[in-house]
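With compact mmCIF, N, CA and C atoms inside, this is my_file-v1.txt:
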```txt
# COMPACT_ATOMS: atom_id res chain seq x y z
N MET A 1 75.44 49.54 79.72
CA MET A 1 75.10 50.93 79.86
C MET A 1 74.45 51.40 78.56
N ASN A 2 73.25 51.94 78.65
CA ASN A 2 72.52 52.43 77.49
C ASN A 2 72.42 53.94 77.56
N LYS A 3 72.51 54.55 76.39
CA LYS A 3 72.42 56.01 76.31
C LYS A 3 71.28 56.38 75.38
N TYR A 4 70.54 57.42 75.79
CA TYR A 4 69.40 57.87 75.02
C TYR A 4 69.39 59.40 74.98
N GLN A 5 68.75 59.92 73.94
CA GLN A 5 68.54 61.36 73.84
C GLN A 5 67.05 61.60 73.72
N TYR A 6 66.56 62.54 74.53
CA TYR A 6 65.13 62.88 74.52
C TYR A 6 64.99 64.38 74.39
N LYS A 7 63.85 64.77 73.86
CA LYS A 7 63.47 66.18 73.83
C LYS A 7 62.10 66.26 74.45
N VAL A 8 62.00 66.98 75.57
CA VAL A 8 60.74 67.11 76.28
C VAL A 8 60.41 68.60 76.36
N GLN A 9 59.30 68.98 75.76
CA GLN A 9 58.85 70.36 75.71
C GLN A 9 59.97 71.30 75.26
N GLY A 10 60.72 70.88 74.23
CA GLY A 10 61.76 71.71 73.65
C GLY A 10 63.11 71.65 74.37
N VAL A 11 63.21 70.88 75.45
CA VAL A 11 64.46 70.78 76.20
C VAL A 11 65.11 69.43 75.90
N ASP A 12 66.40 69.46 75.52
CA ASP A 12 67.13 68.23 75.22
C ASP A 12 67.64 67.59 76.50
N TYR A 13 67.53 66.26 76.56
CA TYR A 13 68.02 65.49 77.70
C TYR A 13 68.89 64.35 77.19
N ASP A 14 70.07 64.20 77.78
CA ASP A 14 70.93 63.04 77.52
C ASP A 14 70.77 62.13 78.72
N VAL A 15 70.26 60.93 78.48
CA VAL A 15 69.97 60.00 79.56
C VAL A 15 70.86 58.78 79.39
N GLU A 16 71.51 58.41 80.48
CA GLU A 16 72.39 57.25 80.48
C GLU A 16 71.93 56.32 81.59
N ILE A 17 71.54 55.12 81.22
CA ILE A 17 71.11 54.13 82.22
C ILE A 17 72.36 53.33 82.60
N GLU A 18 72.81 53.51 83.84
CA GLU A 18 74.03 52.85 84.30
C GLU A 18 73.79 51.38 84.65
N GLU A 19 72.76 51.15 85.46
CA GLU A 19 72.45 49.77 85.82
C GLU A 19 71.00 49.68 86.31
N VAL A 20 70.46 48.49 86.22
CA VAL A 20 69.10 48.25 86.69
C VAL A 20 69.15 47.05 87.62
N GLU A 21 68.68 47.24 88.84
CA GLU A 21 68.58 46.14 89.81
C GLU A 21 67.13 46.04 90.25
N GLY A 22 66.49 45.01 89.82
CA GLY A 22 65.07 44.86 90.15
C GLY A 22 64.28 45.94 89.46
N ASN A 23 63.58 46.76 90.28
CA ASN A 23 62.78 47.83 89.67
C ASN A 23 63.40 49.22 89.92
N VAL A 24 64.71 49.24 90.27
CA VAL A 24 65.40 50.53 90.48
C VAL A 24 66.51 50.67 89.44
N ALA A 25 66.47 51.77 88.72
CA ALA A 25 67.51 52.05 87.72
C ALA A 25 68.35 53.22 88.19
N LYS A 26 69.65 53.09 88.02
CA LYS A 26 70.58 54.21 88.31
C LYS A 26 70.84 54.89 86.97
N VAL A 27 70.41 56.16 86.88
CA VAL A 27 70.52 56.88 85.61
C VAL A 27 71.21 58.23 85.81
N ASN A 28 71.79 58.70 84.72
CA ASN A 28 72.36 60.05 84.66
C ASN A 28 71.53 60.82 83.65
N VAL A 29 71.03 61.99 84.07
CA VAL A 29 70.27 62.85 83.16
C VAL A 29 71.02 64.16 83.08
N ASN A 30 71.58 64.42 81.90
CA ASN A 30 72.39 65.63 81.69
C ASN A 30 73.46 65.78 82.77
N GLY A 31 74.07 64.64 83.15
CA GLY A 31 75.17 64.68 84.10
C GLY A 31 74.76 64.62 85.56
N ILE A 32 73.45 64.56 85.84
CA ILE A 32 72.97 64.48 87.23
C ILE A 32 72.48 63.06 87.48
N ARG A 33 72.95 62.45 88.57
CA ARG A 33 72.63 61.05 88.87
C ARG A 33 71.31 60.94 89.64
N PHE A 34 70.48 59.98 89.21
CA PHE A 34 69.20 59.72 89.86
C PHE A 34 69.04 58.22 90.06
N ASP A 35 68.32 57.86 91.14
CA ASP A 35 67.84 56.48 91.31
C ASP A 35 66.35 56.54 90.96
N VAL A 36 65.99 55.81 89.91
CA VAL A 36 64.62 55.87 89.40
C VAL A 36 63.93 54.54 89.70
N GLU A 37 62.75 54.63 90.33
CA GLU A 37 61.95 53.43 90.60
C GLU A 37 61.04 53.19 89.41
N LEU A 38 61.13 52.00 88.82
CA LEU A 38 60.35 51.66 87.64
C LEU A 38 59.03 51.03 88.05
N LYS A 39 57.93 51.40 87.41
CA LYS A 39 56.63 50.81 87.68
C LYS A 39 56.54 49.47 86.98
N GLN A 40 57.25 49.32 85.86
CA GLN A 40 57.30 48.05 85.17
C GLN A 40 58.73 47.84 84.68
N PRO A 41 59.15 46.61 84.54
CA PRO A 41 60.53 46.35 84.12
C PRO A 41 60.79 46.89 82.72
N ILE A 42 62.07 47.18 82.45
CA ILE A 42 62.47 47.67 81.13
C ILE A 42 62.43 46.51 80.15
N ASN A 43 61.80 46.75 79.02
CA ASN A 43 61.71 45.75 77.97
C ASN A 43 62.96 45.87 77.08
N PRO A 44 63.77 44.82 76.98
CA PRO A 44 64.99 44.91 76.18
C PRO A 44 64.71 45.16 74.70
N THR A 45 63.52 44.89 74.23
CA THR A 45 63.19 45.14 72.82
C THR A 45 62.45 46.47 72.69
N SER A 46 62.71 47.36 73.60
CA SER A 46 62.05 48.66 73.61
C SER A 46 62.30 49.39 72.30
N THR A 47 61.40 50.28 71.97
CA THR A 47 61.53 51.06 70.74
C THR A 47 62.31 52.35 70.98
N LEU A 48 62.89 52.49 72.17
CA LEU A 48 63.67 53.69 72.44
C LEU A 48 64.91 53.70 71.54
N LYS A 49 65.26 54.86 71.07
CA LYS A 49 66.39 55.01 70.16
C LYS A 49 67.70 55.03 70.94
N LYS A 50 68.61 54.11 70.62
CA LYS A 50 69.92 54.13 71.23
C LYS A 50 70.79 55.13 70.47
N VAL A 51 71.64 55.78 71.21
CA VAL A 51 72.50 56.79 70.61
C VAL A 51 73.95 56.40 70.85
N ARG A 52 74.72 56.42 69.82
CA ARG A 52 76.15 56.15 69.97
C ARG A 52 76.83 57.45 70.34
N VAL A 53 77.51 57.44 71.47
CA VAL A 53 78.17 58.65 71.95
C VAL A 53 79.66 58.49 71.72
N GLU A 54 80.24 59.47 71.05
CA GLU A 54 81.67 59.44 70.78
C GLU A 54 82.35 60.54 71.58
N ALA A 55 83.62 60.32 71.81
CA ALA A 55 84.40 61.35 72.50
C ALA A 55 84.42 62.60 71.63
N PRO A 56 84.41 63.75 72.27
CA PRO A 56 84.42 64.98 71.47
C PRO A 56 85.70 65.07 70.64
N LYS A 57 85.53 65.54 69.44
CA LYS A 57 86.68 65.68 68.55
C LYS A 57 87.30 67.06 68.78
N PRO A 58 88.63 67.12 68.70
CA PRO A 58 89.26 68.43 68.88
C PRO A 58 88.85 69.38 67.77
N VAL A 59 88.62 70.60 68.16
CA VAL A 59 88.21 71.62 67.21
C VAL A 59 89.45 72.36 66.75
N ALA A 60 89.61 72.46 65.44
CA ALA A 60 90.76 73.20 64.91
C ALA A 60 90.53 74.67 65.18
N ARG A 61 91.49 75.26 65.82
CA ARG A 61 91.39 76.70 66.11
C ARG A 61 92.45 77.43 65.32
N PRO A 62 92.13 78.59 64.82
CA PRO A 62 93.13 79.32 64.05
C PRO A 62 94.28 79.73 64.96
N ALA A 63 95.46 79.69 64.41
CA ALA A 63 96.63 80.09 65.19
C ALA A 63 96.53 81.57 65.48
N VAL A 64 96.75 81.91 66.71
CA VAL A 64 96.70 83.31 67.12
C VAL A 64 98.11 83.71 67.51
N ALA A 65 98.58 84.73 66.89
CA ALA A 65 99.93 85.21 67.22
C ALA A 65 99.90 85.77 68.64
N PRO A 66 100.94 85.49 69.43
CA PRO A 66 100.98 86.03 70.79
C PRO A 66 101.05 87.54 70.74
N ALA A 67 100.44 88.13 71.75
CA ALA A 67 100.46 89.59 71.82
C ALA A 67 101.90 90.05 71.94
N VAL A 68 102.24 91.01 71.13
CA VAL A 68 103.60 91.52 71.14
C VAL A 68 103.56 92.95 71.65
N ALA A 69 104.40 93.21 72.61
CA ALA A 69 104.47 94.57 73.13
C ALA A 69 105.02 95.47 72.04
N PRO A 70 104.53 96.70 71.97
CA PRO A 70 105.05 97.59 70.95
C PRO A 70 106.55 97.78 71.15
N ALA A 71 107.25 97.83 70.04
CA ALA A 71 108.71 97.98 70.13
C ALA A 71 109.06 99.31 70.77
N ALA A 72 109.90 99.25 71.77
CA ALA A 72 110.33 100.47 72.43
C ALA A 72 111.29 101.20 71.50
N ASP A 73 111.23 102.51 71.56
CA ASP A 73 112.16 103.27 70.75
C ASP A 73 113.57 102.96 71.20
N LYS A 74 114.43 102.71 70.23
CA LYS A 74 115.82 102.42 70.56
C LYS A 74 116.47 103.69 71.06
N PRO A 75 117.35 103.58 72.07
CA PRO A 75 118.02 104.78 72.52
C PRO A 75 118.86 105.35 71.38
N LEU A 76 118.92 106.64 71.34
CA LEU A 76 119.69 107.31 70.29
C LEU A 76 121.16 107.13 70.57
N ALA A 77 121.95 107.03 69.52
CA ALA A 77 123.38 106.83 69.67
C ALA A 77 124.04 108.13 70.14
N ALA A 78 125.06 107.98 70.97
CA ALA A 78 125.81 109.14 71.44
C ALA A 78 126.71 109.62 70.31
N GLY A 79 126.83 110.94 70.21
CA GLY A 79 127.71 111.50 69.19
C GLY A 79 129.12 111.65 69.73
N THR A 80 129.95 112.24 68.91
CA THR A 80 131.33 112.46 69.34
C THR A 80 131.39 113.67 70.25
N GLY A 81 132.27 113.61 71.22
CA GLY A 81 132.43 114.72 72.15
C GLY A 81 132.35 114.24 73.57
N SER A 82 132.06 115.17 74.48
CA SER A 82 132.01 114.89 75.91
C SER A 82 130.57 114.62 76.33
N PRO A 83 130.35 113.52 77.03
CA PRO A 83 128.98 113.20 77.44
C PRO A 83 128.53 114.00 78.65
N VAL A 84 127.26 114.39 78.64
CA VAL A 84 126.63 114.98 79.83
C VAL A 84 125.79 113.85 80.41
N LYS A 85 126.12 113.45 81.65
CA LYS A 85 125.47 112.29 82.26
C LYS A 85 124.48 112.70 83.34
N ALA A 86 123.50 111.84 83.59
CA ALA A 86 122.50 112.08 84.63
C ALA A 86 123.18 111.95 86.00
N PRO A 87 123.08 112.98 86.84
CA PRO A 87 123.70 112.91 88.15
C PRO A 87 122.91 112.05 89.14
N LEU A 88 121.65 111.75 88.81
CA LEU A 88 120.78 110.92 89.66
C LEU A 88 119.69 110.34 88.79
N PRO A 89 119.02 109.28 89.25
CA PRO A 89 117.93 108.71 88.44
C PRO A 89 116.73 109.65 88.45
N GLY A 90 115.99 109.66 87.34
CA GLY A 90 114.82 110.51 87.27
C GLY A 90 114.14 110.43 85.91
N THR A 91 113.24 111.37 85.68
CA THR A 91 112.49 111.43 84.43
C THR A 91 112.81 112.74 83.72
N VAL A 92 113.11 112.63 82.44
CA VAL A 92 113.40 113.82 81.64
C VAL A 92 112.09 114.57 81.43
N THR A 93 112.01 115.81 81.93
CA THR A 93 110.79 116.58 81.75
C THR A 93 110.91 117.61 80.63
N GLU A 94 112.16 118.00 80.31
CA GLU A 94 112.33 118.97 79.23
C GLU A 94 113.75 118.90 78.70
N VAL A 95 113.86 118.86 77.38
CA VAL A 95 115.16 118.97 76.72
C VAL A 95 115.22 120.38 76.17
N LYS A 96 116.19 121.18 76.65
CA LYS A 96 116.23 122.60 76.31
C LYS A 96 117.11 122.94 75.12
N VAL A 97 117.80 121.95 74.55
CA VAL A 97 118.68 122.20 73.41
C VAL A 97 118.35 121.24 72.29
N ASN A 98 118.87 121.53 71.11
CA ASN A 98 118.74 120.68 69.93
C ASN A 98 120.12 120.34 69.41
N VAL A 99 120.20 119.27 68.64
CA VAL A 99 121.47 118.93 68.01
C VAL A 99 121.88 120.10 67.12
N GLY A 100 123.15 120.51 67.26
CA GLY A 100 123.67 121.64 66.47
C GLY A 100 123.71 122.94 67.26
N ASP A 101 123.00 123.00 68.41
CA ASP A 101 123.03 124.22 69.23
C ASP A 101 124.40 124.39 69.87
N THR A 102 124.81 125.64 70.02
CA THR A 102 126.06 125.95 70.71
C THR A 102 125.73 126.25 72.17
N VAL A 103 126.49 125.65 73.08
CA VAL A 103 126.25 125.85 74.51
C VAL A 103 127.54 126.30 75.19
N LYS A 104 127.37 126.97 76.31
CA LYS A 104 128.49 127.42 77.12
C LYS A 104 128.44 126.68 78.45
N VAL A 105 129.52 126.68 79.18
CA VAL A 105 129.56 126.06 80.50
C VAL A 105 128.51 126.75 81.37
N GLY A 106 127.67 125.97 82.04
CA GLY A 106 126.64 126.50 82.92
C GLY A 106 125.28 126.68 82.28
N ASP A 107 125.19 126.53 80.94
CA ASP A 107 123.88 126.62 80.29
C ASP A 107 123.03 125.40 80.70
N VAL A 108 121.73 125.66 80.96
CA VAL A 108 120.81 124.56 81.28
C VAL A 108 120.48 123.86 79.96
N VAL A 109 120.80 122.56 79.89
CA VAL A 109 120.56 121.80 78.66
C VAL A 109 119.37 120.85 78.78
N LEU A 110 118.99 120.54 80.04
CA LEU A 110 117.95 119.54 80.24
C LEU A 110 117.39 119.70 81.64
N VAL A 111 116.11 119.33 81.83
CA VAL A 111 115.49 119.34 83.15
C VAL A 111 115.13 117.90 83.49
N LEU A 112 115.58 117.46 84.68
CA LEU A 112 115.37 116.09 85.13
C LEU A 112 114.59 116.13 86.43
N GLU A 113 113.45 115.43 86.47
CA GLU A 113 112.65 115.37 87.69
C GLU A 113 113.07 114.14 88.49
N ALA A 114 113.42 114.38 89.75
CA ALA A 114 113.78 113.28 90.63
C ALA A 114 113.20 113.58 92.00
N MET A 115 112.47 112.64 92.56
CA MET A 115 111.84 112.79 93.88
C MET A 115 111.01 114.07 93.98
N LYS A 116 110.21 114.32 92.93
CA LYS A 116 109.28 115.47 92.87
C LYS A 116 110.00 116.82 92.79
N MET A 117 111.29 116.78 92.49
CA MET A 117 112.07 118.02 92.37
C MET A 117 112.54 118.17 90.92
N GLN A 118 112.47 119.40 90.41
CA GLN A 118 112.97 119.70 89.07
C GLN A 118 114.46 120.05 89.20
N ASN A 119 115.30 119.31 88.51
CA ASN A 119 116.74 119.54 88.57
C ASN A 119 117.23 120.02 87.21
N ASN A 120 117.80 121.22 87.18
CA ASN A 120 118.37 121.75 85.95
C ASN A 120 119.73 121.09 85.74
N ILE A 121 119.90 120.46 84.60
CA ILE A 121 121.17 119.84 84.26
C ILE A 121 121.91 120.84 83.38
N GLU A 122 123.07 121.27 83.88
CA GLU A 122 123.86 122.30 83.20
C GLU A 122 125.01 121.67 82.43
N SER A 123 125.39 122.36 81.36
CA SER A 123 126.52 121.91 80.56
C SER A 123 127.81 122.11 81.33
N GLU A 124 128.64 121.10 81.33
CA GLU A 124 129.96 121.20 81.96
C GLU A 124 131.02 121.55 80.92
N TYR A 125 130.57 121.63 79.65
CA TYR A 125 131.50 121.87 78.55
C TYR A 125 130.98 122.99 77.67
N GLU A 126 131.89 123.56 76.89
CA GLU A 126 131.52 124.55 75.89
C GLU A 126 131.66 123.88 74.53
N GLY A 127 130.70 124.10 73.65
CA GLY A 127 130.78 123.49 72.34
C GLY A 127 129.43 123.36 71.67
N THR A 128 129.33 122.42 70.75
CA THR A 128 128.11 122.20 69.98
C THR A 128 127.50 120.86 70.39
N VAL A 129 126.18 120.84 70.56
CA VAL A 129 125.47 119.60 70.90
C VAL A 129 125.55 118.69 69.67
N THR A 130 126.21 117.51 69.84
CA THR A 130 126.37 116.59 68.71
C THR A 130 125.31 115.48 68.72
N SER A 131 124.75 115.19 69.91
CA SER A 131 123.66 114.20 69.96
C SER A 131 122.87 114.39 71.24
N ILE A 132 121.62 113.98 71.17
CA ILE A 132 120.74 113.95 72.35
C ILE A 132 120.23 112.51 72.41
N THR A 133 120.52 111.83 73.52
CA THR A 133 120.21 110.39 73.61
C THR A 133 118.95 110.09 74.41
N VAL A 134 118.24 111.11 74.85
CA VAL A 134 117.01 110.90 75.64
C VAL A 134 115.88 111.71 75.04
N LYS A 135 114.66 111.37 75.47
CA LYS A 135 113.47 112.10 75.02
C LYS A 135 112.68 112.54 76.24
N GLN A 136 111.86 113.54 76.05
CA GLN A 136 110.98 114.00 77.13
C GLN A 136 110.10 112.85 77.58
N GLY A 137 109.98 112.67 78.91
CA GLY A 137 109.15 111.60 79.46
C GLY A 137 109.92 110.32 79.73
N GLU A 138 111.14 110.22 79.23
CA GLU A 138 111.94 109.01 79.41
C GLU A 138 112.54 108.97 80.81
N THR A 139 112.58 107.79 81.40
CA THR A 139 113.20 107.60 82.71
C THR A 139 114.64 107.18 82.49
N VAL A 140 115.55 107.79 83.26
CA VAL A 140 116.97 107.48 83.12
C VAL A 140 117.55 107.09 84.47
N MET A 141 118.61 106.33 84.42
CA MET A 141 119.32 105.93 85.63
C MET A 141 120.51 106.87 85.84
N GLU A 142 121.00 106.90 87.05
CA GLU A 142 122.18 107.69 87.36
C GLU A 142 123.33 107.23 86.46
N GLY A 143 124.02 108.19 85.86
CA GLY A 143 125.16 107.89 85.00
C GLY A 143 124.81 107.70 83.54
N ALA A 144 123.53 107.70 83.20
CA ALA A 144 123.12 107.54 81.79
C ALA A 144 123.53 108.78 81.01
N VAL A 145 123.99 108.56 79.79
CA VAL A 145 124.37 109.68 78.92
C VAL A 145 123.10 110.36 78.42
N LEU A 146 122.98 111.65 78.69
CA LEU A 146 121.80 112.42 78.29
C LEU A 146 122.01 113.06 76.93
N LEU A 147 123.19 113.65 76.74
CA LEU A 147 123.53 114.28 75.47
C LEU A 147 125.06 114.39 75.38
N THR A 148 125.52 114.72 74.20
CA THR A 148 126.96 114.84 73.97
C THR A 148 127.26 116.21 73.41
N ILE A 149 128.33 116.82 73.93
CA ILE A 149 128.76 118.13 73.45
C ILE A 149 130.15 117.98 72.87
N GLY A 150 130.32 118.42 71.61
CA GLY A 150 131.62 118.25 70.94
C GLY A 150 132.30 119.57 70.69
```

Please lay out the structure from this file as structure tokens.
Amino acid sequence: MNKYQYKVQGVDYDVEIEEVEGNVAKVNVNGIRFDVELKQPINPTSTLKKVRVEAPKPVARPAVAPAVAPAADKPLAAGTGSPVKAPLPGTVTEVKVNVGDTVKVGDVVLVLEAMKMQNNIESEYEGTVTSITVKQGETVMEGAVLLTIG
């Protein structure tokens, strides 16, 4: 099997002669197989340039760090006191109190959207808000601690 490289009118061709039987040569030109009829036999002392073809060498690629998802904000720790829990799963649309605020029983402390309905979450305790464990836009499950009143 002989391999040759040609340039014809600016186009590169890799030619591989697989076998010659009589005046018909089986050749590959840029990966496409042809049966070529020769007008004259191939001269083994031809002046055509033989090319040594080597297997491609692996290319060193720079290490790419895998994409890392942005770190989610850690849930805030619950403070001391009585927890106010989510009565149903939903999305916090508004936090109406701040840590340190004094609340009475029945005060709306948070608004939770569930099934396209705005649900006012009321304080079941009287006291001072010691912690808020959720943020606006956060999704919570039923029973999740929303805030603590001490």

Can you tell me which residues surround A:Gly81 at a distance of at most 6.5 Å, considering only N, CA and C atoms, apart from same-chain residues fewer than 4 positions away, and format the answer as a list in words?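 Listed by chain and then number, they are Thr148, Ile149 and Gly150 of chain A.
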
Which of these residues is nearest to A:Thr139, using only N, CA and C atoms: A:Met117, A:Val105, A:Val92, A:Ala86? A:Val92

Would you compute the box with edges along x, y and z of the file around stretch 136-139 of chain A, including every atom the file lists for it and 4 Å extra on each side, and give its centre and edge lengths in Å to one decimal, as JSON?
```
{"center_x": 111.9, "center_y": 110.6, "center_z": 79.4, "size_x": 13.5, "size_y": 14.8, "size_z": 14.7}
```

Point out the residue among A:Asp14, A:Glu94, A:Asp101, A:Glu21 with the least atom-to-atom distance to A:Glu113, counting all atoms listed in the file.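 The closest residue to A:Glu113 is A:Glu94.
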
Expressed in Å to a single decimal, how great is the separation between atom CA of A:Ser131 and atom N of A:Gln118? 23.9 Å
